[in-house]
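input.cif (mmCIF, C-alpha atoms)
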data_input
loop_
_atom_site.group_PDB
_atom_site.id
_atom_site.type_symbol
_atom_site.label_atom_id
_atom_site.label_comp_id
_atom_site.auth_asym_id
_atom_site.auth_seq_id
_atom_site.Cartn_x
_atom_site.Cartn_y
_atom_site.Cartn_z
ATOM 1 C CA MET X 1 -97.155 179.245 -145.211
ATOM 2 C CA ASN X 2 -93.976 178.247 -143.389
ATOM 3 C CA SER X 3 -94.565 178.299 -139.619
ATOM 4 C CA ALA X 4 -90.902 179.186 -139.049
ATOM 5 C CA PHE X 5 -91.877 182.762 -139.927
ATOM 6 C CA ASP X 6 -95.183 183.073 -138.043
ATOM 7 C CA ASP X 7 -93.621 185.230 -135.308
ATOM 8 C CA LEU X 8 -92.445 187.716 -137.923
ATOM 9 C CA PHE X 9 -95.768 187.985 -139.710
ATOM 10 C CA THR X 10 -97.593 188.368 -136.402
ATOM 11 C CA ALA X 11 -95.198 191.139 -135.394
ATOM 12 C CA ASN X 12 -95.760 192.782 -138.757
ATOM 13 C CA ASP X 13 -99.502 192.937 -138.101
ATOM 14 C CA ALA X 14 -98.807 195.116 -135.055
ATOM 15 C CA TYR X 15 -96.254 197.209 -136.960
ATOM 16 C CA ALA X 16 -98.614 197.811 -139.883
ATOM 17 C CA ALA X 17 -101.452 198.807 -137.546
ATOM 18 C CA ASP X 18 -99.374 201.788 -136.378
ATOM 19 C CA PHE X 19 -97.412 202.394 -139.614
ATOM 20 C CA ARG X 20 -96.237 206.003 -139.987
ATOM 21 C CA LEU X 21 -93.793 205.973 -142.892
ATOM 22 C CA SER X 22 -96.338 206.073 -145.693
ATOM 23 C CA GLY X 23 -95.606 208.866 -148.108
ATOM 24 C CA LEU X 24 -91.845 209.069 -147.591
ATOM 25 C CA ALA X 25 -90.084 209.928 -150.822
ATOM 26 C CA PRO X 26 -87.770 207.192 -152.145
ATOM 27 C CA VAL X 27 -84.774 209.562 -152.112
ATOM 28 C CA ALA X 28 -82.181 210.168 -149.395
ATOM 29 C CA ALA X 29 -83.595 213.303 -147.732
ATOM 30 C CA ARG X 30 -80.213 214.166 -146.191
ATOM 31 C CA GLY X 31 -78.245 213.079 -149.247
ATOM 32 C CA LEU X 32 -76.416 210.319 -147.405
ATOM 33 C CA ALA X 33 -75.540 206.729 -148.221
ATOM 34 C CA VAL X 34 -74.101 204.601 -145.418
ATOM 35 C CA VAL X 35 -72.211 201.407 -146.183
ATOM 36 C CA THR X 36 -72.147 199.291 -143.037
ATOM 37 C CA CYS X 37 -72.121 195.705 -141.855
ATOM 38 C CA MET X 38 -75.105 193.378 -141.617
ATOM 39 C CA ASP X 39 -74.326 192.913 -137.904
ATOM 40 C CA SER X 40 -77.545 193.331 -135.921
ATOM 41 C CA ARG X 41 -75.720 195.256 -133.183
ATOM 42 C CA ILE X 42 -75.577 198.259 -135.534
ATOM 43 C CA GLU X 43 -78.543 200.616 -135.794
ATOM 44 C CA PRO X 44 -77.170 203.049 -138.385
ATOM 45 C CA LEU X 45 -80.021 205.555 -138.357
ATOM 46 C CA GLN X 46 -80.018 205.914 -134.581
ATOM 47 C CA ALA X 47 -76.209 205.904 -134.310
ATOM 48 C CA LEU X 48 -75.955 208.828 -136.735
ATOM 49 C CA GLY X 49 -78.959 210.848 -135.553
ATOM 50 C CA LEU X 50 -80.985 210.065 -138.663
ATOM 51 C CA GLU X 51 -84.639 209.351 -139.307
ATOM 52 C CA PRO X 52 -86.249 206.940 -141.780
ATOM 53 C CA GLY X 53 -85.944 208.453 -145.236
ATOM 54 C CA ASP X 54 -82.785 210.441 -144.445
ATOM 55 C CA ALA X 55 -80.268 207.978 -145.917
ATOM 56 C CA LYS X 56 -79.784 204.921 -148.054
ATOM 57 C CA ILE X 57 -78.330 202.102 -145.956
ATOM 58 C CA LEU X 58 -76.233 199.479 -147.753
ATOM 59 C CA ARG X 59 -75.364 196.473 -145.612
ATOM 60 C CA ASN X 60 -73.179 193.446 -146.203
ATOM 61 C CA ALA X 61 -70.798 191.206 -144.286
ATOM 62 C CA GLY X 62 -67.887 193.370 -143.160
ATOM 63 C CA ALA X 63 -69.178 196.680 -144.583
ATOM 64 C CA ARG X 64 -67.041 196.108 -147.666
ATOM 65 C CA VAL X 65 -67.275 198.105 -150.877
ATOM 66 C CA THR X 66 -67.903 195.305 -153.342
ATOM 67 C CA ASP X 67 -68.866 195.565 -156.997
ATOM 68 C CA ASP X 68 -72.505 195.316 -155.942
ATOM 69 C CA THR X 69 -72.019 198.135 -153.426
ATOM 70 C CA LEU X 70 -70.549 200.302 -156.182
ATOM 71 C CA ARG X 71 -73.468 199.458 -158.498
ATOM 72 C CA THR X 72 -75.884 200.477 -155.779
ATOM 73 C CA LEU X 73 -73.994 203.699 -155.047
ATOM 74 C CA VAL X 74 -74.119 204.683 -158.723
ATOM 75 C CA LEU X 75 -77.895 204.245 -158.680
ATOM 76 C CA ALA X 76 -78.200 206.084 -155.366
ATOM 77 C CA VAL X 77 -76.135 209.060 -156.567
ATOM 78 C CA TYR X 78 -77.892 209.516 -159.885
ATOM 79 C CA LEU X 79 -81.456 208.459 -159.051
ATOM 80 C CA LEU X 80 -81.921 208.772 -155.273
ATOM 81 C CA GLU X 81 -80.273 212.116 -154.435
ATOM 82 C CA VAL X 82 -77.265 210.726 -152.593
ATOM 83 C CA ASP X 83 -74.502 213.340 -152.530
ATOM 84 C CA ARG X 84 -72.180 211.926 -149.829
ATOM 85 C CA VAL X 85 -71.085 208.469 -148.664
ATOM 86 C CA LEU X 86 -70.015 207.183 -145.257
ATOM 87 C CA VAL X 87 -68.378 203.742 -145.026
ATOM 88 C CA MET X 88 -68.781 202.446 -141.462
ATOM 89 C CA PRO X 89 -67.369 199.056 -140.444
ATOM 90 C CA HIS X 90 -67.468 198.120 -136.757
ATOM 91 C CA THR X 91 -65.388 196.759 -133.920
ATOM 92 C CA ARG X 92 -65.379 193.027 -133.144
ATOM 93 C CA CYS X 93 -66.431 192.166 -136.709
ATOM 94 C CA LYS X 94 -66.110 188.497 -137.631
ATOM 95 C CA MET X 95 -64.998 189.447 -141.159
ATOM 96 C CA ALA X 96 -62.069 191.425 -139.679
ATOM 97 C CA SER X 97 -61.085 188.770 -137.130
ATOM 98 C CA VAL X 98 -59.870 186.082 -139.514
ATOM 99 C CA SER X 99 -56.659 185.847 -141.508
ATOM 100 C CA GLY X 100 -58.448 185.624 -144.850
ATOM 101 C CA ASP X 101 -61.186 184.071 -146.937
ATOM 102 C CA ASP X 102 -59.479 180.665 -146.823
ATOM 103 C CA GLU X 103 -60.003 180.527 -143.064
ATOM 104 C CA VAL X 104 -63.730 181.176 -143.506
ATOM 105 C CA HIS X 105 -64.044 178.628 -146.321
ATOM 106 C CA GLU X 106 -62.300 176.006 -144.184
ATOM 107 C CA ALA X 107 -64.457 176.771 -141.138
ATOM 108 C CA ILE X 108 -67.695 176.425 -143.110
ATOM 109 C CA GLU X 109 -66.582 173.266 -144.869
ATOM 110 C CA GLY X 110 -65.247 171.734 -141.661
ATOM 111 C CA ARG X 111 -68.378 172.460 -139.666
ATOM 112 C CA PHE X 112 -71.113 172.104 -142.295
ATOM 113 C CA GLY X 113 -69.516 170.202 -145.179
ATOM 114 C CA VAL X 114 -70.284 173.016 -147.636
ATOM 115 C CA ASP X 115 -67.606 174.127 -150.109
ATOM 116 C CA THR X 116 -67.898 177.926 -150.391
ATOM 117 C CA ARG X 117 -64.729 178.553 -152.420
ATOM 118 C CA SER X 118 -66.812 179.913 -155.303
ATOM 119 C CA LEU X 119 -67.595 182.949 -153.110
ATOM 120 C CA GLU X 120 -65.349 185.850 -152.199
ATOM 121 C CA PHE X 121 -66.017 187.026 -148.627
ATOM 122 C CA HIS X 122 -63.687 190.072 -148.674
ATOM 123 C CA THR X 123 -62.282 189.344 -145.216
ATOM 124 C CA ASP X 124 -59.382 191.472 -144.002
ATOM 125 C CA ASN X 125 -57.933 191.563 -140.497
ATOM 126 C CA ASP X 126 -56.482 195.036 -141.206
ATOM 127 C CA GLN X 127 -59.817 196.795 -140.792
ATOM 128 C CA VAL X 128 -58.522 200.348 -141.229
ATOM 129 C CA GLY X 129 -56.461 199.268 -144.234
ATOM 130 C CA ALA X 130 -59.532 197.641 -145.771
ATOM 131 C CA LEU X 131 -61.526 200.799 -145.052
ATOM 132 C CA ARG X 132 -58.888 202.935 -146.815
ATOM 133 C CA HIS X 133 -58.986 200.590 -149.801
ATOM 134 C CA ASP X 134 -62.781 200.720 -149.949
ATOM 135 C CA LEU X 135 -62.875 204.521 -149.724
ATOM 136 C CA GLU X 136 -60.458 204.708 -152.639
ATOM 137 C CA ARG X 137 -62.634 202.340 -154.668
ATOM 138 C CA ILE X 138 -65.508 204.790 -154.284
ATOM 139 C CA ARG X 139 -63.383 207.913 -154.843
ATOM 140 C CA HIS X 140 -61.914 206.548 -158.066
ATOM 141 C CA HIS X 141 -64.902 204.768 -159.552
ATOM 142 C CA PRO X 142 -65.303 206.092 -163.104
ATOM 143 C CA LEU X 143 -69.090 206.348 -162.841
ATOM 144 C CA LEU X 144 -69.205 208.297 -159.574
ATOM 145 C CA PRO X 145 -68.677 212.071 -159.427
ATOM 146 C CA ARG X 146 -65.076 213.059 -158.637
ATOM 147 C CA ALA X 147 -66.276 215.613 -156.056
ATOM 148 C CA LEU X 148 -68.464 213.120 -154.158
ATOM 149 C CA PRO X 149 -67.623 213.493 -150.449
ATOM 150 C CA VAL X 150 -66.576 210.091 -149.064
ATOM 151 C CA ALA X 151 -65.631 209.419 -145.444
ATOM 152 C CA GLY X 152 -64.870 206.461 -143.217
ATOM 153 C CA ALA X 153 -65.638 205.765 -139.571
ATOM 154 C CA VAL X 154 -65.618 202.763 -137.265
ATOM 155 C CA TYR X 155 -68.675 202.030 -135.119
ATOM 156 C CA ASP X 156 -67.884 200.632 -131.676
ATOM 157 C CA VAL X 157 -70.392 197.876 -130.854
ATOM 158 C CA ASP X 158 -69.606 198.187 -127.140
ATOM 159 C CA THR X 159 -70.093 201.945 -126.747
ATOM 160 C CA GLY X 160 -72.174 203.065 -129.735
ATOM 161 C CA ARG X 161 -69.488 205.649 -130.618
ATOM 162 C CA VAL X 162 -68.642 206.385 -134.225
ATOM 163 C CA GLU X 163 -64.962 207.237 -134.633
ATOM 164 C CA PRO X 164 -64.036 209.045 -137.862
ATOM 165 C CA GLN X 165 -61.016 207.550 -139.615
ATOM 166 C CA ASP X 166 -58.504 209.638 -141.506
ATOM 167 C CA ALA X 167 -58.495 207.188 -144.357
#
When written as structure tokens, how does the structure in this file appear?
Amino acid sequence: MNSAFDDLFTANDAYAADFRLSGLAPVAARGLAVVTCMDSRIEPLQALGLEPGDAKILRNAGARVTDDTLRTLVLAVYLLEVDRVLVMPHTRCKMASVSGDDEVHEAIEGRFGVDTRSLEFHTDNDQVGALRHDLERIRHHPLLPRALPVAGAVYDVDTGRVEPQDA
């Protein structure tokens, strides 16, 4: 086994010894899916007053609604009892602080020598504009119910506040 992960497996031993989530149904008990960023400063369940099992949490860089996010939402709506979606990017997001994907590609290649141009990072320094676009992608996806409630909010990493966006 790779020793780089020993701390994690040791921590898991303690977690498993006091594990209390056994028996949770695989559905979203409160009918919610949250699309948010992978940023570790965000604790979506706690920020929204939720408990494990209440929601499906979809995380990616920038909280963007990608094709994979849409695929996952279709599954969540039809198989996991999701009946509403909140898209929640956050303040001080690296993916919203650059002028575009080219800037990220150049930074990675310049620093690490890796050409990432085959990837689309979905960066956008107009965070609210990107949020509006992403909400519309969900609202108009042909495989999602037309009446599916979809909302947007921005999580503030400095205060923990979630500010609804009229998007």
Counting all atoms listed in the file, the residue of X:Asp6, X:Pro149, X:Asp13, X:Ala47 that sits nearest Leu32 of chain X: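 Ranking X:Asp6, X:Pro149, X:Asp13, X:Ala47 by distance to Leu32 of chain X, first place goes to X:Pro149.
The space separating atom CA of Ala61 of chain X from atom CA of Arg139 of chain X comes to 21.1 Å.
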Among listed residues X:Leu24, X:Ala11, X:Val65, X:Leu119, nearest Glu51 of chain X (using only C-alpha atoms):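 For Glu51 of chain X, the nearest of the given residues is X:Leu24.
Nearest-residue note for Gln46 of chain X: choosing from X:Ala96, X:Leu73, X:Leu79, X:Val162, the minimum distance belongs to X:Val162, counting all atoms listed in the file.
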Atom CA of Thr123 of chain X to atom CA of Lys56 of chain X, straight-line distance in Å: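 Atom CA of Thr123 of chain X lies at a distance of 23.6 Å from atom CA of Lys56 of chain X.
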Nearest residue to His133 of chain X from the set X:Pro164, X:Gly152, X:Pro52, X:Pro145 (distances using only C-alpha atoms): X:Gly152
Selected residue of minimal separation from Thr72 of chain X among X:Ser97, X:Leu144, X:Asp7, X:Ile108, counting only C-alpha atoms: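 For Thr72 of chain X, the nearest of the given residues is X:Leu144.
Computed from the coordinates, the atom CA of Phe19 of chain X to atom CA of Leu80 of chain X distance equals 22.9 Å.
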Nearest to Leu135 of chain X, chosen from X:Ser40, X:Thr91, X:Gln165, X:Ser99, with all atoms listed in the file counted in the distances: X:Gln165
Selection near Gly100 of chain X, 12 Å with only C-alpha atoms, sequence-local residues under 4 positions removed, as a tab-separated table (two decimals) with C-alpha atoms, in the coordinates of the input:
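What ended up in part.tsv:
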chain	number	residue	atom	x	y	z
X	94	LYS	CA	-66.11	188.50	-137.63
X	95	MET	CA	-65.00	189.45	-141.16
X	96	ALA	CA	-62.07	191.42	-139.68
X	104	VAL	CA	-63.73	181.18	-143.51
X	105	HIS	CA	-64.04	178.63	-146.32
X	106	GLU	CA	-62.30	176.01	-144.18
X	107	ALA	CA	-64.46	176.77	-141.14
X	120	GLU	CA	-65.35	185.85	-152.20
X	121	PHE	CA	-66.02	187.03	-148.63
X	122	HIS	CA	-63.69	190.07	-148.67
X	123	THR	CA	-62.28	189.34	-145.22
X	124	ASP	CA	-59.38	191.47	-144.00
X	125	ASN	CA	-57.93	191.56	-140.50
X	126	ASP	CA	-56.48	195.04	-141.21
X	127	GLN	CA	-59.82	196.80	-140.79
Distance query Arg92 of chain X at most 12 Å, only C-alpha atoms, self and fewer than 3 positions along chain excluded, as number ranges by chain: X: 37, 39, 41-42, 62, 89, 95-98, 125, 127, 154-159
Nearby residues, (-69.1, 201.3, -144.3) file frame, 10 Å, all atoms listed in the file, as a PDB file with C-alpha atoms, in the coordinates of the input:
ATOM      1  CA  ALA X  33     -75.540 206.729-148.221  1.00  0.00           C
ATOM      2  CA  VAL X  34     -74.101 204.601-145.418  1.00  0.00           C
ATOM      3  CA  VAL X  35     -72.211 201.407-146.183  1.00  0.00           C
ATOM      4  CA  THR X  36     -72.147 199.291-143.037  1.00  0.00           C
ATOM      5  CA  CYS X  37     -72.121 195.705-141.855  1.00  0.00           C
ATOM      6  CA  ILE X  57     -78.330 202.102-145.956  1.00  0.00           C
ATOM      7  CA  LEU X  58     -76.233 199.479-147.753  1.00  0.00           C
ATOM      8  CA  ARG X  59     -75.364 196.473-145.612  1.00  0.00           C
ATOM      9  CA  ASN X  60     -73.179 193.446-146.203  1.00  0.00           C
ATOM     10  CA  GLY X  62     -67.887 193.370-143.160  1.00  0.00           C
ATOM     11  CA  ALA X  63     -69.178 196.680-144.583  1.00  0.00           C
ATOM     12  CA  ARG X  64     -67.041 196.108-147.666  1.00  0.00           C
ATOM     13  CA  VAL X  65     -67.275 198.105-150.877  1.00  0.00           C
ATOM     14  CA  VAL X  85     -71.085 208.469-148.664  1.00  0.00           C
ATOM     15  CA  LEU X  86     -70.015 207.183-145.257  1.00  0.00           C
ATOM     16  CA  VAL X  87     -68.378 203.742-145.026  1.00  0.00           C
ATOM     17  CA  MET X  88     -68.781 202.446-141.462  1.00  0.00           C
ATOM     18  CA  PRO X  89     -67.369 199.056-140.444  1.00  0.00           C
ATOM     19  CA  HIS X  90     -67.468 198.120-136.757  1.00  0.00           C
ATOM     20  CA  LEU X 131     -61.526 200.799-145.052  1.00  0.00           C
ATOM     21  CA  ASP X 134     -62.781 200.720-149.949  1.00  0.00           C
ATOM     22  CA  LEU X 135     -62.875 204.521-149.724  1.00  0.00           C
ATOM     23  CA  ALA X 151     -65.631 209.419-145.444  1.00  0.00           C
ATOM     24  CA  GLY X 152     -64.870 206.461-143.217  1.00  0.00           C
ATOM     25  CA  ALA X 153     -65.638 205.765-139.571  1.00  0.00           C
ATOM     26  CA  VAL X 154     -65.618 202.763-137.265  1.00  0.00           C
ATOM     27  CA  TYR X 155     -68.675 202.030-135.119  1.00  0.00           C
TER      28      TYR X 155
END
Target residues per the PyMOL selection byres ((chain X and resi 29) around 7), formatted as an mmCIF file with C-alpha atoms, in the frame of the given file:
data_model
loop_
_atom_site.group_PDB
_atom_site.id
_atom_site.type_symbol
_atom_site.label_atom_id
_atom_site.label_comp_id
_atom_site.auth_asym_id
_atom_site.auth_seq_id
_atom_site.Cartn_x
_atom_site.Cartn_y
_atom_site.Cartn_z
ATOM 1 C CA VAL X 27 -84.774 209.562 -152.112
ATOM 2 C CA ALA X 28 -82.181 210.168 -149.395
ATOM 3 C CA ARG X 30 -80.213 214.166 -146.191
ATOM 4 C CA GLY X 31 -78.245 213.079 -149.247
ATOM 5 C CA GLY X 53 -85.944 208.453 -145.236
ATOM 6 C CA ASP X 54 -82.785 210.441 -144.445
ATOM 7 C CA ALA X 55 -80.268 207.978 -145.917
#
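Evaluated on this file, the PyMOL selection byres ((chain X and resi 71) around 12) matches Leu58, Val65, Thr66, Asp67, Asp68, Thr69, Leu70, Thr72, Leu73, Val74, Leu75, Ala76, Val77, Tyr78, Arg137, Ile138, His141, Pro142, Leu143 and Leu144 of chain X.
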With 4 Å of padding per side, what axis-aligned box (centre and edge lengths, Å, one decimal) covers all the listed atoms of segment 54-66 of chain X? Give it as AutoDock Vina command-line options.
--center_x -74.9 --center_y 200.8 --center_z -148.3 --size_x 23.7 --size_y 27.2 --size_z 18.2
